[in-house]
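So this block is protein_29.tsv, TSV, C-alpha atoms:
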```tsv
chain	number	residue	atom	x	y	z
A	115	MET	CA	-115.32	-177.38	4.18
A	116	ARG	CA	-117.47	-177.05	7.29
A	117	ILE	CA	-118.47	-180.32	8.96
A	118	LEU	CA	-121.06	-180.90	11.67
A	119	LEU	CA	-120.41	-184.01	13.77
A	120	THR	CA	-122.88	-185.53	16.20
A	121	GLY	CA	-121.66	-188.03	18.79
A	122	ALA	CA	-118.22	-186.43	18.89
A	123	THR	CA	-117.58	-187.76	22.41
A	124	GLY	CA	-118.99	-191.23	21.64
A	125	TYR	CA	-117.04	-194.29	20.56
A	126	ILE	CA	-117.34	-193.94	16.80
A	127	GLY	CA	-117.72	-190.17	16.77
A	128	SER	CA	-114.56	-189.59	18.79
A	129	ALA	CA	-112.57	-191.67	16.29
A	130	VAL	CA	-114.04	-189.64	13.43
A	131	LEU	CA	-113.21	-186.41	15.26
A	132	ASP	CA	-109.61	-187.53	15.77
A	133	ALA	CA	-109.29	-188.31	12.06
A	134	LEU	CA	-110.81	-184.99	11.00
A	135	LEU	CA	-108.54	-183.01	13.29
A	136	ARG	CA	-105.49	-184.95	12.09
A	137	HIS	CA	-106.44	-184.02	8.57
A	138	GLY	CA	-105.64	-180.39	9.32
A	139	PRO	CA	-107.20	-177.06	8.42
A	140	GLU	CA	-108.93	-178.40	5.31
A	141	HIS	CA	-111.88	-179.28	7.55
A	142	GLU	CA	-113.59	-176.89	9.95
A	143	VAL	CA	-115.26	-179.19	12.48
A	144	CYS	CA	-118.26	-178.24	14.58
A	145	ALA	CA	-119.14	-180.84	17.23
A	146	LEU	CA	-122.54	-181.13	18.87
A	147	VAL	CA	-122.11	-181.80	22.60
A	148	ARG	CA	-124.45	-181.92	25.56
A	149	THR	CA	-122.66	-179.75	28.13
A	150	PRO	CA	-120.54	-176.59	28.27
A	151	ALA	CA	-117.72	-178.62	29.84
A	152	LYS	CA	-117.62	-180.92	26.80
A	153	ALA	CA	-117.78	-177.89	24.53
A	154	GLU	CA	-114.71	-176.45	26.22
A	155	ARG	CA	-112.85	-179.74	25.72
A	156	MET	CA	-113.75	-179.69	22.02
A	157	LYS	CA	-112.43	-176.14	21.67
A	158	GLN	CA	-109.18	-177.11	23.39
A	159	ARG	CA	-108.73	-179.85	20.79
A	160	GLY	CA	-109.27	-177.46	17.89
A	161	ALA	CA	-112.93	-178.02	17.06
A	162	GLN	CA	-115.83	-175.65	17.36
A	163	ALA	CA	-118.72	-176.79	19.52
A	164	VAL	CA	-122.45	-176.29	19.87
A	165	VAL	CA	-124.20	-177.30	23.08
A	166	ALA	CA	-127.34	-179.10	21.94
A	167	ASP	CA	-129.93	-181.74	22.76
A	168	LEU	CA	-130.76	-183.97	19.79
A	169	LEU	CA	-134.34	-184.18	21.02
A	170	ALA	CA	-134.57	-180.36	20.79
A	171	PRO	CA	-134.23	-179.45	17.07
A	172	GLU	CA	-134.10	-175.73	17.76
A	173	SER	CA	-130.79	-176.22	19.57
A	174	TYR	CA	-128.90	-177.41	16.49
A	175	ALA	CA	-130.93	-176.95	13.27
A	176	ALA	CA	-129.22	-173.66	12.44
A	177	ALA	CA	-125.79	-175.17	13.01
A	178	ALA	CA	-126.60	-178.00	10.60
A	179	GLU	CA	-127.86	-175.59	7.96
A	180	ALA	CA	-124.55	-173.71	8.11
A	181	CYS	CA	-122.49	-176.84	7.30
A	182	ASP	CA	-121.49	-178.49	4.03
A	183	ILE	CA	-121.19	-181.97	5.57
A	184	VAL	CA	-123.20	-183.55	8.37
A	185	VAL	CA	-121.91	-186.75	9.98
A	186	HIS	CA	-124.46	-188.30	12.33
A	187	ALA	CA	-122.59	-190.69	14.61
A	188	ALA	CA	-124.59	-190.17	17.81
A	189	TYR	CA	-126.78	-192.77	19.43
A	190	ASP	CA	-128.04	-192.81	23.00
A	191	PRO	CA	-129.46	-196.18	24.13
A	192	LYS	CA	-131.35	-194.42	26.92
A	193	ALA	CA	-133.14	-192.05	24.53
A	194	GLY	CA	-133.57	-194.88	22.04
A	195	PRO	CA	-134.83	-194.76	18.44
A	196	ALA	CA	-136.96	-191.67	19.08
A	197	MET	CA	-133.88	-189.49	19.43
A	198	ASP	CA	-132.37	-190.89	16.25
A	199	ARG	CA	-135.54	-190.27	14.26
A	200	VAL	CA	-135.80	-186.68	15.50
A	201	ALA	CA	-132.14	-186.00	14.81
A	202	VAL	CA	-132.20	-187.45	11.29
A	203	HIS	CA	-135.38	-185.54	10.42
A	204	THR	CA	-133.94	-182.29	11.79
A	205	LEU	CA	-130.59	-182.68	10.06
A	206	LEU	CA	-132.09	-183.65	6.70
A	207	SER	CA	-134.58	-180.79	6.92
A	208	ALA	CA	-131.71	-178.38	7.47
A	209	LEU	CA	-129.91	-179.72	4.42
A	210	GLY	CA	-133.17	-179.45	2.48
A	211	ARG	CA	-133.26	-175.73	3.24
A	212	ARG	CA	-129.67	-175.47	2.04
A	213	ALA	CA	-130.70	-177.18	-1.19
A	214	VAL	CA	-133.52	-174.68	-1.75
A	215	ALA	CA	-130.91	-171.94	-1.45
A	216	GLY	CA	-128.74	-173.74	-4.01
A	217	HIS	CA	-126.10	-175.03	-1.58
A	218	ALA	CA	-124.92	-178.64	-1.91
A	219	SER	CA	-124.55	-180.84	1.16
A	220	THR	CA	-123.57	-184.34	2.22
A	221	PHE	CA	-125.22	-186.39	4.98
A	222	ILE	CA	-123.60	-189.52	6.43
A	223	TYR	CA	-125.80	-191.66	8.66
A	224	THR	CA	-124.20	-194.24	10.96
A	225	SER	CA	-126.19	-197.48	11.08
A	226	GLY	CA	-124.75	-200.96	11.64
A	227	VAL	CA	-124.55	-204.48	10.25
A	228	TRP	CA	-127.08	-205.85	12.73
A	229	VAL	CA	-129.83	-204.71	10.34
A	230	LEU	CA	-128.73	-207.59	8.09
A	231	GLY	CA	-129.66	-210.30	10.58
A	232	ASN	CA	-127.87	-213.63	10.25
A	233	THR	CA	-125.75	-213.81	7.11
A	234	PRO	CA	-124.35	-217.35	6.84
A	235	THR	CA	-123.08	-216.50	3.35
A	236	PRO	CA	-121.06	-213.32	2.71
A	237	ALA	CA	-123.33	-210.27	2.51
A	238	ALA	CA	-122.44	-207.17	0.52
A	239	GLU	CA	-124.29	-203.86	0.50
A	240	ASP	CA	-127.01	-205.08	-1.88
A	241	VAL	CA	-128.31	-207.86	0.41
A	242	PRO	CA	-131.88	-207.39	1.73
A	243	VAL	CA	-132.08	-206.39	5.38
A	244	ARG	CA	-133.52	-208.75	7.99
A	245	PRO	CA	-133.14	-206.79	11.22
A	246	ILE	CA	-133.35	-208.43	14.61
A	247	PRO	CA	-135.87	-206.79	17.01
A	248	HIS	CA	-133.08	-204.87	18.76
A	249	VAL	CA	-132.60	-202.73	15.63
A	250	GLU	CA	-135.88	-203.28	13.76
A	251	TRP	CA	-136.43	-199.51	13.61
A	252	ARG	CA	-133.18	-198.75	11.78
A	253	PRO	CA	-134.07	-199.79	8.20
A	254	ALA	CA	-136.85	-197.19	8.07
A	255	VAL	CA	-134.38	-194.49	9.14
A	256	GLU	CA	-131.85	-195.74	6.59
A	257	GLN	CA	-134.49	-195.54	3.88
A	258	ALA	CA	-135.47	-192.01	4.89
A	259	VAL	CA	-131.83	-191.00	4.49
A	260	LEU	CA	-131.50	-192.69	1.10
A	261	ASP	CA	-134.78	-191.20	-0.12
A	262	SER	CA	-133.50	-187.70	0.69
A	263	HIS	CA	-130.72	-187.95	-1.90
A	264	ARG	CA	-131.00	-185.22	-4.54
A	265	ASP	CA	-128.42	-185.27	-7.31
A	266	GLY	CA	-126.14	-182.27	-7.08
A	267	LEU	CA	-127.77	-180.93	-3.94
A	268	ILE	CA	-128.03	-183.53	-1.16
A	269	ARG	CA	-125.67	-186.52	-1.22
A	270	THR	CA	-126.78	-189.14	1.30
A	271	ILE	CA	-124.79	-192.07	2.64
A	272	VAL	CA	-125.69	-194.91	5.01
A	273	LEU	CA	-122.60	-196.41	6.66
A	274	ARG	CA	-122.92	-199.79	8.38
A	275	PRO	CA	-119.89	-200.53	10.54
A	276	GLY	CA	-119.24	-203.96	11.96
A	277	ILE	CA	-118.39	-204.41	15.65
A	278	VAL	CA	-115.86	-201.67	16.34
A	279	TYR	CA	-112.66	-202.40	18.24
A	280	GLY	CA	-109.81	-200.27	19.56
A	281	GLY	CA	-109.40	-198.19	22.73
A	282	ALA	CA	-111.33	-199.00	25.89
A	283	ARG	CA	-114.92	-198.87	24.72
A	284	GLY	CA	-117.26	-201.06	22.74
A	285	ILE	CA	-117.97	-204.78	22.72
A	286	ILE	CA	-114.34	-205.83	22.29
A	287	GLY	CA	-113.30	-203.36	24.99
A	288	ASP	CA	-115.82	-205.04	27.29
A	289	LEU	CA	-114.22	-208.41	26.54
A	290	LEU	CA	-110.80	-207.05	27.49
A	291	LYS	CA	-112.25	-205.64	30.72
A	292	ASP	CA	-113.99	-208.92	31.51
A	293	ALA	CA	-110.73	-210.81	30.93
A	294	ASN	CA	-109.00	-208.54	33.44
A	295	ASN	CA	-111.79	-209.43	35.88
A	296	ALA	CA	-111.18	-213.14	35.18
A	297	LEU	CA	-114.68	-213.89	33.86
A	298	ILE	CA	-115.81	-213.74	30.24
A	299	ARG	CA	-119.41	-214.48	29.34
A	300	VAL	CA	-120.19	-215.56	25.79
A	301	VAL	CA	-123.74	-215.53	24.44
A	302	GLY	CA	-124.38	-218.85	22.75
A	303	ASP	CA	-121.80	-221.48	21.83
A	304	GLY	CA	-119.27	-219.01	20.40
A	305	THR	CA	-119.17	-220.58	16.93
A	306	ASN	CA	-120.86	-217.55	15.38
A	307	HIS	CA	-118.88	-214.99	13.40
A	308	TRP	CA	-118.55	-211.30	14.26
A	309	PRO	CA	-117.75	-208.82	11.48
A	310	CYS	CA	-115.34	-206.35	13.08
A	311	VAL	CA	-113.58	-203.10	12.17
A	312	TYR	CA	-110.75	-201.17	13.85
A	313	ASP	CA	-111.88	-197.74	15.00
A	314	ARG	CA	-109.14	-195.87	13.13
A	315	ASP	CA	-109.86	-197.77	9.93
A	316	LEU	CA	-113.54	-196.94	10.28
A	317	ALA	CA	-112.71	-193.26	10.77
A	318	ASP	CA	-110.61	-193.36	7.62
A	319	LEU	CA	-113.63	-194.55	5.68
A	320	TYR	CA	-115.68	-191.58	6.89
A	321	LEU	CA	-112.95	-189.29	5.55
A	322	ARG	CA	-112.91	-191.10	2.21
A	323	LEU	CA	-116.69	-190.80	1.92
A	324	ILE	CA	-116.51	-187.10	2.70
A	325	ALA	CA	-113.80	-186.54	0.11
A	326	HIS	CA	-115.32	-188.64	-2.68
A	327	PRO	CA	-117.86	-186.38	-4.45
A	328	THR	CA	-119.92	-189.17	-6.03
A	329	ALA	CA	-119.98	-191.66	-3.15
A	330	ALA	CA	-123.60	-192.23	-2.14
A	331	GLY	CA	-125.88	-195.00	-0.93
A	332	ILE	CA	-125.01	-197.88	1.41
A	333	PHE	CA	-121.49	-198.79	2.50
A	334	HIS	CA	-120.37	-201.62	4.78
A	335	ALA	CA	-117.23	-201.33	6.90
A	336	ASN	CA	-115.54	-204.42	8.30
A	337	ASP	CA	-112.17	-206.13	8.11
A	338	GLU	CA	-113.60	-209.31	6.52
A	339	ALA	CA	-111.61	-211.55	8.84
A	340	ASP	CA	-114.67	-213.77	9.46
A	341	GLU	CA	-113.58	-214.45	13.04
A	342	ARG	CA	-115.56	-216.74	15.27
A	343	VAL	CA	-116.39	-215.36	18.71
A	344	ASP	CA	-114.59	-218.23	20.48
A	345	ALA	CA	-111.40	-217.48	18.51
A	346	ILE	CA	-111.52	-213.86	19.67
A	347	VAL	CA	-112.24	-214.87	23.27
A	348	GLU	CA	-109.46	-217.48	23.32
A	349	SER	CA	-106.93	-214.92	22.08
A	350	VAL	CA	-108.05	-212.36	24.66
A	351	ALA	CA	-107.86	-215.00	27.41
A	352	ARG	CA	-104.27	-215.90	26.49
A	353	TYR	CA	-103.11	-212.36	27.18
A	354	ALA	CA	-104.96	-211.92	30.48
A	355	LYS	CA	-102.84	-211.70	33.66
A	356	THR	CA	-105.01	-214.38	35.20
A	357	VAL	CA	-106.55	-217.03	32.96
A	358	PRO	CA	-110.23	-216.06	32.94
A	359	ASP	CA	-113.15	-218.40	33.32
A	360	VAL	CA	-115.08	-218.45	30.03
A	361	ARG	CA	-118.76	-219.14	30.46
A	362	HIS	CA	-121.13	-219.75	27.54
A	363	MET	CA	-124.66	-218.57	28.31
A	364	PRO	CA	-127.62	-220.16	26.55
A	365	LEU	CA	-129.40	-217.56	24.43
A	366	GLU	CA	-132.59	-217.70	26.47
A	367	GLU	CA	-130.68	-217.02	29.68
A	368	ALA	CA	-128.83	-214.16	28.01
A	369	ARG	CA	-132.12	-212.67	26.76
A	370	ALA	CA	-133.50	-212.74	30.29
A	371	LYS	CA	-130.49	-210.71	31.49
A	372	MET	CA	-129.74	-208.51	28.48
A	373	GLY	CA	-132.93	-208.29	26.46
A	374	GLY	CA	-132.71	-208.04	22.68
A	375	TYR	CA	-129.04	-207.10	22.86
A	376	ALA	CA	-128.32	-210.79	23.46
A	377	ASP	CA	-129.65	-211.64	20.00
A	378	ALA	CA	-127.26	-209.08	18.50
A	379	LEU	CA	-124.28	-210.73	20.18
A	380	ALA	CA	-125.45	-214.15	18.99
A	381	LEU	CA	-125.73	-213.16	15.32
A	382	ASP	CA	-123.66	-215.20	12.87
A	383	GLN	CA	-122.52	-212.73	10.23
A	384	LEU	CA	-120.19	-212.87	7.26
A	385	VAL	CA	-120.08	-209.37	5.80
A	386	ARG	CA	-118.28	-207.86	2.83
A	387	SER	CA	-117.51	-204.21	2.04
A	388	PRO	CA	-116.94	-204.05	-1.74
A	389	ARG	CA	-118.26	-200.51	-2.19
A	390	ALA	CA	-115.92	-199.16	0.49
A	391	ARG	CA	-112.96	-201.02	-1.01
A	392	ALA	CA	-113.83	-199.57	-4.43
A	393	LEU	CA	-113.05	-196.15	-2.92
A	394	GLY	CA	-109.53	-197.35	-2.06
A	395	TRP	CA	-110.39	-198.13	1.56
A	396	ALA	CA	-108.19	-200.91	2.93
A	397	PRO	CA	-108.24	-201.76	6.66
A	398	THR	CA	-104.84	-201.63	8.32
A	399	LEU	CA	-105.85	-204.23	10.92
A	400	HIS	CA	-107.38	-207.46	9.67
A	401	SER	CA	-108.13	-209.35	12.86
A	402	VAL	CA	-109.06	-208.90	16.49
A	403	ALA	CA	-107.51	-212.20	17.55
A	404	GLY	CA	-104.25	-211.39	15.79
A	405	ASN	CA	-103.87	-207.98	17.43
A	406	VAL	CA	-104.81	-208.58	21.06
A	407	ALA	CA	-101.45	-207.38	22.43
A	408	ARG	CA	-101.83	-204.08	20.61
A	409	LEU	CA	-105.48	-203.74	21.62
A	410	LEU	CA	-104.65	-204.40	25.27
A	411	GLU	CA	-102.05	-201.63	25.20
A	412	GLU	CA	-104.59	-199.26	23.66
A	413	PHE	CA	-107.16	-200.36	26.25
A	414	ARG	CA	-104.81	-199.63	29.16
A	415	THR	CA	-103.73	-196.28	27.71
A	416	ALA	CA	-107.34	-195.21	27.18
A	417	ARG	CA	-108.33	-196.29	30.70
A	418	GLU	CA	-105.45	-194.35	32.24
A	419	ALA	CA	-106.36	-191.24	30.23
A	420	ALA	CA	-110.03	-191.36	31.23
```
The structure given in the file should be rewritten as C-alpha cells.
Amino acid sequence: MRILLTGATGYIGSAVLDALLRHGPEHEVCALVRTPAKAERMKQRGAQAVVADLLAPESYAAAAEACDIVVHAAYDPKAGPAMDRVAVHTLLSALGRRAVAGHASTFIYTSGVWVLGNTPTPAAEDVPVRPIPHVEWRPAVEQAVLDSHRDGLIRTIVLRPGIVYGGARGIIGDLLKDANNALIRVVGDGTNHWPCVYDRDLADLYLRLIAHPTAAGIFHANDEADERVDAIVESVARYAKTVPDVRHMPLEEARAKMGGYADALALDQLVRSPRARALGWAPTLHSVAGNVARLLEEFRTAREAA
C-alpha cells in the first residue's frame, strides 16, 4: 500500500510518519517535504520523499495520483487557509483521476475540534459545527472532502484531533517551556476544558482509519478526560524546577496580543469520539495532568534531539 503524507515534518505528521514506519514494510510511505535536506532525512528514516510546495500543484499532483492513500496533515499558519484549499483541491483531483482509471483511494483530511466552537455538553461527531473566526474557513474544506466520497472509489475521512500533547511541540509543549521559564500565561480564568490527545494515540488512529476499509466520514480524536486548563497548568507548575508565576489574561487583552488564536485557547469544550472508539481505538494516555512527569521527560528528550 503506497501512502502519500503531507506535513511529515510537522507536529501531527511526524507522529503519523513514526507510526507508519514502525508498522513495517506493509506501507510504502512517500513524504512531501519542502527542501532537499528534509528529503534526505526522510530517506535516511526509510521513507521516500518528494520535494514540493503545496501552493504549486504541479510539484506533487503526480505523486498523489500514484498513491493508494493520501494523508493530509500539513498546515502552515503563514500560508494560511489558501494553502490548505489548494492542497485539498489538488489531492482530491488526483484521486479523482485515479477513480476514472478504476483505482480506489483513501483521503484523510486533518481538521480539528475548534470547528465545534464551545461545547458545554459532550459533543460527538454528529454535532453541528460552530467555528470560531480563527478556523471559520475549515468547515467548507471539510465539506468538500466529504462531498468527494465515492463508494468503492474514493473513501474520504475528516479527522478532528483535540489539542495534541507529547514531545516538545504544540500547545502543551509551550506550557512546559513556559513553566521552565517561570511564567505561564493562561487565556481567561482557566475554568474552561481542553479536549486533548496524546500524539502517539492520535497516530494510532490514523493507522486504524487507513486499515479499516469502510471507515469514512467524520472522526473525533481525544482522550475524553475533560480536563480544565487550570488543572493542567497546576500539574505542570508542580513539576517545574522553579515554581512559575501563573498569570490569567483577560480575553480582550489576549486578543490584542494573539488575535483570534486567543479565542481558540479560551474555548470550553467537552468532546467525545464514539466513532473512533467503535474502530477499537483506545487512548493509552487519559490525562495531561496525570502524566506531566512523562511528558516533561519527552519534552527534554525532544529538545535535546532538535
Taking all atoms listed in the file into account, produce a table as JSON lines in which each residue of segment 258-326 of chain A with an atom at most 12 Å from an atom of segment 403-411 of chain A appears once, together with its shortest atom pair and the distance in Å to one decimal, ordered by chain and rising number.
```
{"residue": "A:Val278", "atom": "CA", "partner": "A:Leu409", "partner_atom": "CA", "distance": 11.8}
{"residue": "A:Tyr279", "atom": "CA", "partner": "A:Leu409", "partner_atom": "CA", "distance": 8.0}
{"residue": "A:Gly280", "atom": "CA", "partner": "A:Leu409", "partner_atom": "CA", "distance": 5.9}
{"residue": "A:Gly281", "atom": "CA", "partner": "A:Leu409", "partner_atom": "CA", "distance": 6.9}
{"residue": "A:Ala282", "atom": "CA", "partner": "A:Leu410", "partner_atom": "CA", "distance": 8.6}
{"residue": "A:Arg283", "atom": "CA", "partner": "A:Leu409", "partner_atom": "CA", "distance": 11.1}
{"residue": "A:Ile286", "atom": "CA", "partner": "A:Leu409", "partner_atom": "CA", "distance": 9.1}
{"residue": "A:Gly287", "atom": "CA", "partner": "A:Leu409", "partner_atom": "CA", "distance": 8.5}
{"residue": "A:Asp288", "atom": "CA", "partner": "A:Leu410", "partner_atom": "CA", "distance": 11.4}
{"residue": "A:Leu289", "atom": "CA", "partner": "A:Leu410", "partner_atom": "CA", "distance": 10.5}
{"residue": "A:Leu290", "atom": "CA", "partner": "A:Leu410", "partner_atom": "CA", "distance": 7.1}
{"residue": "A:Lys291", "atom": "CA", "partner": "A:Leu410", "partner_atom": "CA", "distance": 9.4}
{"residue": "A:Ala293", "atom": "CA", "partner": "A:Leu410", "partner_atom": "CA", "distance": 10.5}
{"residue": "A:Asn294", "atom": "CA", "partner": "A:Leu410", "partner_atom": "CA", "distance": 10.1}
{"residue": "A:Trp308", "atom": "CA", "partner": "A:Ala403", "partner_atom": "CA", "distance": 11.6}
{"residue": "A:Cys310", "atom": "CA", "partner": "A:Ala403", "partner_atom": "CA", "distance": 10.7}
{"residue": "A:Tyr312", "atom": "CA", "partner": "A:Leu409", "partner_atom": "CA", "distance": 9.7}
{"residue": "A:Asp313", "atom": "CA", "partner": "A:Leu409", "partner_atom": "CA", "distance": 11.0}
```
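If you count all atoms listed in the file and ignore residues fewer than 3 places along the chain from Ala330 of chain A, what sits within 8 Å of it is Arg269, Thr270, Ile271 and Val272 of chain A.
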Segment 144-153 of chain A surroundings by all atoms listed in the file, 12 Å radius, close-in-sequence under 4 positions cut, as a PyMOL selection string: chain A and resi 115-124+127-128+130-132+134-135+157-171+173-188+190+201
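Of note, atom CA of Asp315 of chain A and atom CA of Pro397 of chain A are spaced 5.4 Å apart.
Shortest separation to Glu140 of chain A among A:Val311, A:Val200, A:Leu321, A:Val241 occurs at residue A:Leu321, atoms counted being all atoms listed in the file.
Proximity to Ala238 of chain A was assessed for A:Val300, A:Ile332, A:Val259, A:Val402 counting all atoms listed in the file; the smallest distance is recorded for A:Ile332.
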Listed atoms of segment 140-150 of chain A boxed axis-aligned with 3 Å per side, centre + edges as JSON:
```
{"center_x": -116.7, "center_y": -179.3, "center_z": 16.8, "size_x": 21.5, "size_y": 11.3, "size_z": 29.0}
```
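The space between atom CA of Gly210 of chain A and atom CA of Glu250 of chain A spans 26.5 Å.
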Listing only residues of segment 287-335 of chain A within 10 Å of segment 222-235 of chain A, what is the closest atom pair and its distance in Å (to one decimal) for each, using all atoms listed in the file, sorted by chain and residue number ascending, as a Markdown table?
```
| residue | atom | partner | partner_atom | distance |
| --- | --- | --- | --- | --- |
| A:Asn306 | CA | A:Pro234 | CA | 9.2 |
| A:His307 | CA | A:Pro234 | CA | 8.9 |
| A:Trp308 | CA | A:Val227 | CA | 9.9 |
| A:Pro309 | CA | A:Val227 | CA | 8.2 |
| A:Cys310 | CA | A:Val227 | CA | 9.8 |
| A:Tyr320 | CA | A:Ile222 | CA | 8.2 |
| A:Leu323 | CA | A:Ile222 | CA | 8.4 |
| A:Ile324 | CA | A:Ile222 | CA | 8.4 |
| A:Ala330 | CA | A:Ile222 | CA | 9.0 |
| A:Gly331 | CA | A:Ile222 | CA | 9.5 |
| A:Ile332 | CA | A:Tyr223 | CA | 9.6 |
| A:Phe333 | CA | A:Ser225 | CA | 9.9 |
| A:His334 | CA | A:Val227 | CA | 7.5 |
| A:Ala335 | CA | A:Val227 | CA | 8.6 |
```
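Take atom CA of Thr204 of chain A and atom CA of Ala325 of chain A: the distance between them is 23.7 Å.
Considering the residues A:Asp240, A:Asp303, A:Glu172, A:Asp198 and counting only C-alpha atoms, Ala258 of chain A has its shortest atom-to-atom contact with A:Asp198.
With distances restricted to only C-alpha atoms, A:Ser387 is the closest residue to Gly276 of chain A from A:Glu366, A:Ser387, A:Gly194, A:Gly373.
Nearest residue to Gly216 of chain A, choosing from A:His203, A:Ala416, A:Met197, A:Arg264 and counting all atoms listed in the file: A:Arg264.
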task: Counting all atoms listed in the file, note down every residue that has an atom within 8 Å of the point (-132.2, -195.9, 11.2) (file coordinates), as a count of residues only.
output: 11
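Using only C-alpha atoms, the shortest contact distance between Ile346 of chain A and any of A:Leu393, A:Pro327, A:Ile298, A:Ala317 is found at A:Ile298.
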Incomplete segment 283-298 of chain A brought to N, CA and C atoms, written out as a short mmCIF file (atom, residue, chain, number, x, y, z; two decimals), in the frame of the given file:
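The resulting file, result.cif, is reproduced below:
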```cif
data_model
loop_
_atom_site.label_atom_id
_atom_site.label_comp_id
_atom_site.auth_asym_id
_atom_site.auth_seq_id
_atom_site.Cartn_x
_atom_site.Cartn_y
_atom_site.Cartn_z
N ARG A 283 -113.46 -198.79 24.76
CA ARG A 283 -114.92 -198.87 24.72
C ARG A 283 -115.38 -199.93 23.73
N GLY A 284 -116.68 -200.13 23.69
CA GLY A 284 -117.26 -201.06 22.74
C GLY A 284 -117.28 -202.50 23.22
N ILE A 285 -117.78 -203.37 22.37
CA ILE A 285 -117.97 -204.78 22.72
C ILE A 285 -116.64 -205.48 22.95
N ILE A 286 -115.65 -205.20 22.10
CA ILE A 286 -114.34 -205.83 22.29
C ILE A 286 -113.66 -205.25 23.53
N GLY A 287 -113.82 -203.96 23.76
CA GLY A 287 -113.30 -203.36 24.99
C GLY A 287 -113.89 -204.01 26.22
N ASP A 288 -115.18 -204.35 26.17
CA ASP A 288 -115.82 -205.04 27.29
C ASP A 288 -115.20 -206.43 27.50
N LEU A 289 -114.87 -207.10 26.40
CA LEU A 289 -114.22 -208.41 26.54
C LEU A 289 -112.87 -208.28 27.23
N LEU A 290 -112.10 -207.26 26.86
CA LEU A 290 -110.80 -207.05 27.49
C LEU A 290 -110.97 -206.74 28.98
N LYS A 291 -111.98 -205.95 29.31
CA LYS A 291 -112.25 -205.64 30.72
C LYS A 291 -112.67 -206.90 31.47
N ASP A 292 -113.54 -207.69 30.87
CA ASP A 292 -113.99 -208.92 31.51
C ASP A 292 -112.82 -209.89 31.74
N ALA A 293 -111.90 -209.94 30.77
CA ALA A 293 -110.73 -210.81 30.93
C ALA A 293 -109.89 -210.37 32.12
N ASN A 294 -109.75 -209.06 32.28
CA ASN A 294 -109.00 -208.54 33.44
C ASN A 294 -109.69 -208.90 34.75
N ASN A 295 -111.02 -209.05 34.70
CA ASN A 295 -111.79 -209.43 35.88
C ASN A 295 -111.94 -210.94 36.02
N ALA A 296 -111.28 -211.67 35.11
CA ALA A 296 -111.18 -213.14 35.18
C ALA A 296 -112.48 -213.88 34.88
N LEU A 297 -113.45 -213.20 34.24
CA LEU A 297 -114.68 -213.89 33.86
C LEU A 297 -115.20 -213.31 32.55
N ILE A 298 -115.26 -214.15 31.53
CA ILE A 298 -115.81 -213.74 30.24
C ILE A 298 -117.07 -214.54 29.98
#
```
